[in-house]
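Q: I have a structure here, written as structure tokens, and I will follow up with some questions on it.
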Amino acid sequence: METQDLTKVVLLACGSFNPVTNMHLRMFELARDHLQDTGRYKVVAGIISPVGDGYKKQGLIEACHRVEMSRLATDNSDWISVDPWESLQPEWVETAKVVRHHYGELVAAEKNSDEVDTVKYAKKRRRKENSFGGKDDPQLMLLCGADVLESFGVPDLWKQEDMTEIVGRYGMVCITRSGNDPHKFIHQSDMLWKHRRNIHLVHEWVTNDISATHVRRALRRGQSVRYLLPDPVVRYIQEHNLYSAESEKKYAGVVLAPLQRNAASSSS
């Protein structure tokens, strides 16, 4: 199939990235391979969008550190970059709004390609071969782990209309692991079943259970996390003395922002 016949895709990963791990980066590679192997897509970019401090998840360190670590982790990538927009918002922003924002940015960039801010769309000089070409507008897909898909079933964590918009309008690429059964979850949800063709399930056959939670625990205990995180990220954590027993207590007992907001909305 000719390149111009392929649908261009930009992968967007939202999350805490607390800290960013090698598995976070590996997800982008797995998703790109899977989509391009279908012969229908050309993945032209990947975006990491760290959540803002307003998310209030226990142990969440300041967004400025999480953004910088993500930048260091992707510095040698010719197609994955970091966008700080979500992290700079004064309050937590729903994922659907984040996806909507980035899609608008991509469409605007496509229409005004000669005026694209080459800093915001990082490494453009190093990925000219991935420049937008082919079908009219790029398709934005949310990249996540299967646990995010399954979190759609947690009461008050997501708005129904947000889930429908993300899956129905944009699409998702979910990386699954042993122990996850996303097929069953999709089968049990009428909404997900309706949009099942927009959900791309990618199985990670090379088992990699790196968890940011486990990494933070190791750091608190003074244990090595080398080879779990990119070396520049390890150095940054050491230089700034991040992830202590004290930092893990941050937001302890605080209701997660989406639960707080959605529960208030449903009761009003």
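By convention here, the chains of the structure tokens are called A, B, ... in the order presented, each chain's residues are numbered starting at 1, and ligands are numbered starting at 1 in the order presented.
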From the DSSP assignment of the backbone, select every residue of stretch 138-254 of chain A that is strand (DSSP E or B), and format the answer as number ranges by chain.
A: A: 139-145, 172-176, 199-203, 226, 229
Q: Could those residues be written to a file, using all heavy atoms, as a CSV table (one decimal), in the first residue's frame?
A:
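Wrote again-v3.csv, looks like this:
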chain,number,residue,atom,x,y,z
A,139,GLN,N,-5.1,11.1,12.6
A,139,GLN,CA,-6.0,10.5,13.6
A,139,GLN,C,-5.3,10.4,14.9
A,139,GLN,O,-4.2,10.0,15.0
A,139,GLN,CB,-6.5,9.1,13.2
A,139,GLN,CG,-7.5,8.5,14.1
A,139,GLN,CD,-8.0,7.1,13.6
A,139,GLN,OE1,-7.8,6.8,12.5
A,139,GLN,NE2,-8.7,6.4,14.5
A,140,LEU,N,-5.9,10.9,16.0
A,140,LEU,CA,-5.3,10.9,17.3
A,140,LEU,C,-5.9,9.7,18.1
A,140,LEU,O,-7.1,9.5,18.1
A,140,LEU,CB,-5.6,12.2,18.1
A,140,LEU,CG,-4.9,12.3,19.4
A,140,LEU,CD1,-3.4,12.6,19.2
A,140,LEU,CD2,-5.6,13.4,20.2
A,141,MET,N,-5.1,8.8,18.6
A,141,MET,CA,-5.5,7.7,19.4
A,141,MET,C,-4.9,7.8,20.8
A,141,MET,O,-3.7,8.1,21.0
A,141,MET,CB,-5.1,6.4,18.8
A,141,MET,CG,-5.8,6.1,17.4
A,141,MET,SD,-5.3,4.4,16.9
A,141,MET,CE,-6.0,4.4,15.2
A,142,LEU,N,-5.7,7.4,21.8
A,142,LEU,CA,-5.3,7.4,23.2
A,142,LEU,C,-4.5,6.1,23.4
A,142,LEU,O,-5.1,5.0,23.2
A,142,LEU,CB,-6.4,7.5,24.1
A,142,LEU,CG,-6.1,7.6,25.6
A,142,LEU,CD1,-5.3,8.9,25.9
A,142,LEU,CD2,-7.3,7.5,26.5
A,143,LEU,N,-3.3,6.2,23.9
A,143,LEU,CA,-2.4,5.0,24.2
A,143,LEU,C,-2.5,4.8,25.7
A,143,LEU,O,-2.3,5.7,26.5
A,143,LEU,CB,-1.0,5.3,23.7
A,143,LEU,CG,0.0,4.3,24.1
A,143,LEU,CD1,-0.3,2.9,23.5
A,143,LEU,CD2,1.4,4.7,23.7
A,144,CYS,N,-2.8,3.6,26.1
A,144,CYS,CA,-2.9,3.3,27.5
A,144,CYS,C,-2.7,1.8,27.8
A,144,CYS,O,-2.6,1.0,26.9
A,144,CYS,CB,-4.3,3.7,28.0
A,144,CYS,SG,-5.6,2.8,27.3
A,145,GLY,N,-2.6,1.5,29.0
A,145,GLY,CA,-2.6,0.1,29.4
A,145,GLY,C,-4.0,-0.4,29.6
A,145,GLY,O,-4.9,0.3,29.7
A,172,MET,N,-8.6,4.0,20.7
A,172,MET,CA,-7.6,3.7,21.7
A,172,MET,C,-6.7,2.5,21.3
A,172,MET,O,-7.1,1.7,20.5
A,172,MET,CB,-8.3,3.2,23.0
A,172,MET,CG,-9.3,4.2,23.6
A,172,MET,SD,-10.1,3.6,25.1
A,172,MET,CE,-8.8,3.5,26.3
A,173,VAL,N,-5.5,2.6,21.8
A,173,VAL,CA,-4.6,1.5,21.6
A,173,VAL,C,-4.2,1.0,23.1
A,173,VAL,O,-3.6,1.8,23.8
A,173,VAL,CB,-3.3,1.9,20.9
A,173,VAL,CG1,-2.4,0.6,20.7
A,173,VAL,CG2,-3.6,2.5,19.5
A,174,CYS,N,-4.6,-0.2,23.4
A,174,CYS,CA,-4.4,-0.7,24.8
A,174,CYS,C,-3.4,-1.8,24.8
A,174,CYS,O,-3.5,-2.8,24.1
A,174,CYS,CB,-5.7,-1.2,25.3
A,174,CYS,SG,-7.0,0.0,25.5
A,175,ILE,N,-2.4,-1.6,25.6
A,175,ILE,CA,-1.3,-2.6,25.8
A,175,ILE,C,-1.7,-3.6,26.9
A,175,ILE,O,-2.0,-3.1,28.0
A,175,ILE,CB,0.0,-2.0,26.1
A,175,ILE,CG1,0.4,-0.8,25.1
A,175,ILE,CG2,1.1,-3.0,26.1
A,175,ILE,CD1,0.4,-1.2,23.7
A,176,THR,N,-1.9,-4.8,26.6
A,176,THR,CA,-2.3,-5.8,27.6
A,176,THR,C,-1.2,-6.6,28.1
A,176,THR,O,-0.1,-6.8,27.4
A,176,THR,CB,-3.4,-6.8,27.0
A,176,THR,OG1,-2.7,-7.7,26.1
A,176,THR,CG2,-4.4,-6.0,26.2
A,199,ILE,N,-11.0,0.0,19.2
A,199,ILE,CA,-10.1,-0.3,20.3
A,199,ILE,C,-9.1,-1.4,19.7
A,199,ILE,O,-9.4,-2.5,19.4
A,199,ILE,CB,-10.9,-0.9,21.4
A,199,ILE,CG1,-11.9,0.0,21.9
A,199,ILE,CG2,-9.9,-1.3,22.6
A,199,ILE,CD1,-12.9,-0.6,22.9
A,200,HIS,N,-7.8,-1.0,19.7
A,200,HIS,CA,-6.7,-1.9,19.3
A,200,HIS,C,-6.1,-2.5,20.5
A,200,HIS,O,-5.5,-1.8,21.3
A,200,HIS,CB,-5.7,-1.1,18.4
A,200,HIS,CG,-6.3,-0.4,17.2
A,200,HIS,ND1,-6.4,-1.0,16.0
A,200,HIS,CD2,-7.0,0.8,17.1
A,200,HIS,CE1,-7.0,-0.2,15.1
A,200,HIS,NE2,-7.3,0.9,15.8
A,201,LEU,N,-6.2,-3.8,20.6
A,201,LEU,CA,-5.5,-4.5,21.7
A,201,LEU,C,-4.2,-5.1,21.3
A,201,LEU,O,-4.1,-5.8,20.3
A,201,LEU,CB,-6.5,-5.6,22.2
A,201,LEU,CG,-7.8,-5.2,22.7
A,201,LEU,CD1,-8.7,-6.4,23.1
A,201,LEU,CD2,-7.7,-4.2,23.9
A,202,VAL,N,-3.2,-4.7,22.0
A,202,VAL,CA,-1.8,-5.2,21.7
A,202,VAL,C,-1.3,-6.0,22.9
A,202,VAL,O,-1.1,-5.4,24.0
A,202,VAL,CB,-0.9,-4.0,21.4
A,202,VAL,CG1,0.5,-4.5,21.0
A,202,VAL,CG2,-1.5,-3.0,20.4
A,203,HIS,N,-1.0,-7.2,22.7
A,203,HIS,CA,-0.4,-8.0,23.8
A,203,HIS,C,1.1,-7.9,23.8
A,203,HIS,O,1.8,-8.0,22.8
A,203,HIS,CB,-0.8,-9.5,23.6
A,203,HIS,CG,-0.5,-10.3,24.8
A,203,HIS,ND1,-1.4,-10.4,25.9
A,203,HIS,CD2,0.5,-11.1,25.1
A,203,HIS,CE1,-0.9,-11.2,26.8
A,203,HIS,NE2,0.3,-11.6,26.3
A,226,ARG,N,18.2,1.3,38.4
A,226,ARG,CA,18.8,1.4,37.1
A,226,ARG,C,18.3,0.3,36.2
A,226,ARG,O,18.1,-0.8,36.6
A,226,ARG,CB,20.4,1.3,37.2
A,226,ARG,CG,21.1,1.7,35.9
A,226,ARG,CD,22.6,1.7,36.1
A,226,ARG,NE,23.2,2.2,34.8
A,226,ARG,CZ,24.5,2.1,34.5
A,226,ARG,NH1,25.3,1.6,35.4
A,226,ARG,NH2,25.0,2.6,33.4
A,229,LEU,N,14.4,2.6,34.6
A,229,LEU,CA,14.2,3.9,34.1
A,229,LEU,C,15.4,4.3,33.2
A,229,LEU,O,16.5,3.8,33.3
A,229,LEU,CB,14.1,5.0,35.2
A,229,LEU,CG,13.4,4.6,36.5
A,229,LEU,CD1,13.5,5.8,37.5
A,229,LEU,CD2,11.9,4.4,36.1
Q: Wanna dump the stretch 55-97 of chain A-stretch 2-20 of chain A contacts at 9 Å for me, each residue with its shortest atom pair and the distance in Å to one decimal, counting only C-alpha atoms, ordered by chain and number, as a tab-separated table?
A:
residue	atom	partner	partner_atom	distance
A:Tyr55	CA	A:Ser16	CA	8.7
A:Lys57	CA	A:Ser16	CA	8.5
A:Gly59	CA	A:Asn18	CA	8.3
A:Leu60	CA	A:Asn18	CA	6.5
A:Ile61	CA	A:Asn18	CA	7.1
A:Ala63	CA	A:Ser16	CA	8.7
A:His65	CA	A:Pro19	CA	8.8
A:Arg66	CA	A:Asn18	CA	6.2
A:Val67	CA	A:Phe17	CA	8.3
A:Met69	CA	A:Val20	CA	6.8
A:Ser70	CA	A:Val20	CA	5.9
A:Ala73	CA	A:Val20	CA	7.4
A:Ile80	CA	A:Leu11	CA	8.9
A:Glu86	CA	A:Cys14	CA	8.9
A:Thr95	CA	A:Cys14	CA	7.4
Q: Name all residues at most 10 Å from A:Arg221 (count only C-alpha atoms; drop same-chain ones fewer than 4 positions away) and give them as a list in words.
A: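 The residues that qualify are Val215, Arg216, Arg217, Tyr243, Ser244 and Ala245 of chain A.
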Q: Could you write those residues out with N, CA and C atoms, as a compact mmCIF listing (two decimals), in the first residue's frame?
A:
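Saved as part.txt:
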# COMPACT_ATOMS: atom_id res chain seq x y z
N VAL A 215 8.76 1.28 41.49
CA VAL A 215 9.97 2.09 41.36
C VAL A 215 10.07 3.07 42.52
N ARG A 216 8.97 3.73 42.84
CA ARG A 216 9.00 4.69 43.96
C ARG A 216 9.33 3.99 45.28
N ARG A 217 8.80 2.77 45.44
CA ARG A 217 9.08 2.02 46.66
C ARG A 217 10.57 1.71 46.76
N TYR A 243 11.28 11.40 45.51
CA TYR A 243 10.67 10.13 45.94
C TYR A 243 11.23 9.64 47.28
N SER A 244 10.75 10.27 48.31
CA SER A 244 11.10 9.90 49.68
C SER A 244 9.85 9.36 50.37
N ALA A 245 10.03 8.90 51.59
CA ALA A 245 8.87 8.45 52.38
C ALA A 245 7.91 9.61 52.59
Q: Calculated over only C-alpha atoms, which of the candidates A:Glu246, A:Glu94, A:Glu239, A:Glu68 has the smallest distance to A:Ile166?
A: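 Closest candidate: A:Glu94.
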Q: Set the distance at 10 Å and use only C-alpha atoms: which residues neighbour A:Pro232 once local chain neighbours fewer than 4 positions away are removed? I'd like the list as a PyMOL selection string.
A: chain A and resi 69-75+236-238
Q: For the residues in that selection, give me all heavy atoms as a PDB file, in the first residue's frame.
A:
ATOM      1  N   MET A  69      11.429  14.994  33.628  1.00  0.00           N
ATOM      2  CA  MET A  69      11.901  13.613  33.524  1.00  0.00           C
ATOM      3  C   MET A  69      11.423  12.971  32.223  1.00  0.00           C
ATOM      4  O   MET A  69      12.161  12.224  31.576  1.00  0.00           O
ATOM      5  CB  MET A  69      11.421  12.793  34.734  1.00  0.00           C
ATOM      6  CG  MET A  69      12.179  13.105  36.010  1.00  0.00           C
ATOM      7  SD  MET A  69      11.769  11.986  37.387  1.00  0.00           S
ATOM      8  CE  MET A  69      10.123  12.569  37.826  1.00  0.00           C
ATOM      9  N   SER A  70      10.187  13.288  31.832  1.00  0.00           N
ATOM     10  CA  SER A  70       9.662  12.761  30.571  1.00  0.00           C
ATOM     11  C   SER A  70      10.437  13.316  29.385  1.00  0.00           C
ATOM     12  O   SER A  70      10.701  12.607  28.408  1.00  0.00           O
ATOM     13  CB  SER A  70       8.175  13.098  30.442  1.00  0.00           C
ATOM     14  OG  SER A  70       7.429  12.476  31.470  1.00  0.00           O
ATOM     15  N   ARG A  71      10.823  14.571  29.466  1.00  0.00           N
ATOM     16  CA  ARG A  71      11.627  15.174  28.394  1.00  0.00           C
ATOM     17  C   ARG A  71      12.987  14.499  28.303  1.00  0.00           C
ATOM     18  O   ARG A  71      13.480  14.208  27.202  1.00  0.00           O
ATOM     19  CB  ARG A  71      11.792  16.678  28.658  1.00  0.00           C
ATOM     20  CG  ARG A  71      10.566  17.504  28.286  1.00  0.00           C
ATOM     21  CD  ARG A  71      10.775  18.957  28.622  1.00  0.00           C
ATOM     22  NE  ARG A  71       9.668  19.780  28.133  1.00  0.00           N
ATOM     23  CZ  ARG A  71       9.281  20.929  28.668  1.00  0.00           C
ATOM     24  NH1 ARG A  71       9.916  21.406  29.731  1.00  0.00           N
ATOM     25  NH2 ARG A  71       8.268  21.611  28.160  1.00  0.00           N
ATOM     26  N   LEU A  72      13.585  14.259  29.446  1.00  0.00           N
ATOM     27  CA  LEU A  72      14.883  13.581  29.446  1.00  0.00           C
ATOM     28  C   LEU A  72      14.758  12.167  28.877  1.00  0.00           C
ATOM     29  O   LEU A  72      15.629  11.704  28.135  1.00  0.00           O
ATOM     30  CB  LEU A  72      15.434  13.512  30.877  1.00  0.00           C
ATOM     31  CG  LEU A  72      15.892  14.840  31.494  1.00  0.00           C
ATOM     32  CD1 LEU A  72      16.162  14.665  32.985  1.00  0.00           C
ATOM     33  CD2 LEU A  72      17.137  15.360  30.787  1.00  0.00           C
ATOM     34  N   ALA A  73      13.661  11.491  29.203  1.00  0.00           N
ATOM     35  CA  ALA A  73      13.464  10.116  28.746  1.00  0.00           C
ATOM     36  C   ALA A  73      13.272  10.030  27.242  1.00  0.00           C
ATOM     37  O   ALA A  73      13.619   9.019  26.617  1.00  0.00           O
ATOM     38  CB  ALA A  73      12.258   9.504  29.457  1.00  0.00           C
ATOM     39  N   THR A  74      12.714  11.075  26.645  1.00  0.00           N
ATOM     40  CA  THR A  74      12.408  11.047  25.206  1.00  0.00           C
ATOM     41  C   THR A  74      13.392  11.849  24.374  1.00  0.00           C
ATOM     42  O   THR A  74      13.212  11.988  23.170  1.00  0.00           O
ATOM     43  CB  THR A  74      10.989  11.585  24.951  1.00  0.00           C
ATOM     44  OG1 THR A  74      10.876  12.919  25.495  1.00  0.00           O
ATOM     45  CG2 THR A  74       9.943  10.696  25.618  1.00  0.00           C
ATOM     46  N   ASP A  75      14.422  12.351  25.001  1.00  0.00           N
ATOM     47  CA  ASP A  75      15.352  13.236  24.285  1.00  0.00           C
ATOM     48  C   ASP A  75      16.012  12.563  23.094  1.00  0.00           C
ATOM     49  O   ASP A  75      16.322  13.203  22.094  1.00  0.00           O
ATOM     50  CB  ASP A  75      16.425  13.755  25.253  1.00  0.00           C
ATOM     51  CG  ASP A  75      17.274  14.849  24.614  1.00  0.00           C
ATOM     52  OD1 ASP A  75      16.693  15.824  24.107  1.00  0.00           O
ATOM     53  OD2 ASP A  75      18.510  14.713  24.616  1.00  0.00           O
ATOM     54  N   TYR A 236      18.464  12.464  37.281  1.00  0.00           N
ATOM     55  CA  TYR A 236      17.627  13.614  37.674  1.00  0.00           C
ATOM     56  C   TYR A 236      16.997  13.373  39.054  1.00  0.00           C
ATOM     57  O   TYR A 236      16.967  14.276  39.903  1.00  0.00           O
ATOM     58  CB  TYR A 236      16.535  13.847  36.628  1.00  0.00           C
ATOM     59  CG  TYR A 236      15.691  15.071  36.876  1.00  0.00           C
ATOM     60  CD1 TYR A 236      16.045  16.312  36.340  1.00  0.00           C
ATOM     61  CD2 TYR A 236      14.525  15.001  37.659  1.00  0.00           C
ATOM     62  CE1 TYR A 236      15.275  17.442  36.569  1.00  0.00           C
ATOM     63  CE2 TYR A 236      13.750  16.128  37.894  1.00  0.00           C
ATOM     64  CZ  TYR A 236      14.132  17.340  37.343  1.00  0.00           C
ATOM     65  OH  TYR A 236      13.353  18.457  37.591  1.00  0.00           O
ATOM     66  N   ILE A 237      16.507  12.170  39.282  1.00  0.00           N
ATOM     67  CA  ILE A 237      15.906  11.827  40.574  1.00  0.00           C
ATOM     68  C   ILE A 237      16.934  11.960  41.695  1.00  0.00           C
ATOM     69  O   ILE A 237      16.649  12.508  42.768  1.00  0.00           O
ATOM     70  CB  ILE A 237      15.334  10.397  40.527  1.00  0.00           C
ATOM     71  CG1 ILE A 237      14.100  10.350  39.617  1.00  0.00           C
ATOM     72  CG2 ILE A 237      14.979   9.906  41.931  1.00  0.00           C
ATOM     73  CD1 ILE A 237      13.599   8.953  39.342  1.00  0.00           C
ATOM     74  N   GLN A 238      18.147  11.478  41.438  1.00  0.00           N
ATOM     75  CA  GLN A 238      19.203  11.564  42.441  1.00  0.00           C
ATOM     76  C   GLN A 238      19.607  13.006  42.713  1.00  0.00           C
ATOM     77  O   GLN A 238      19.784  13.406  43.865  1.00  0.00           O
ATOM     78  CB  GLN A 238      20.411  10.742  41.987  1.00  0.00           C
ATOM     79  CG  GLN A 238      20.135   9.241  41.917  1.00  0.00           C
ATOM     80  CD  GLN A 238      21.248   8.468  41.240  1.00  0.00           C
ATOM     81  OE1 GLN A 238      22.062   9.032  40.500  1.00  0.00           O
ATOM     82  NE2 GLN A 238      21.289   7.152  41.475  1.00  0.00           N
TER      83      GLN A 238
END
Q: Give me every helix (DSSP H, G or I) residue in stretch 11-166 of chain A, going by DSSP on the backbone, as a ChimeraX atom specification.
A: /A:22-37,53-55,63-74,86-88,95-111,113-115,124-126,128-130,146-153,160-166
Q: Please determine, counting only C-alpha atoms, which residue among A:Glu248, A:Asp181, A:Gly153, A:Lys194 has the shortest atom-to-atom distance to A:Leu219.
A: A:Glu248
Q: Using only C-alpha atoms for the distances, tell me which of A:Leu192, A:Leu259, A:Leu106, A:Val148 is nearest to A:Thr164.
A: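 Answer, going by the shortest atom-to-atom distance: A:Leu192.
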Q: With distances taken over only C-alpha atoms, which residue among A:Thr21, A:Thr207, A:Trp158, A:Asp190 lies nearest A:Val225?
A: A:Thr21
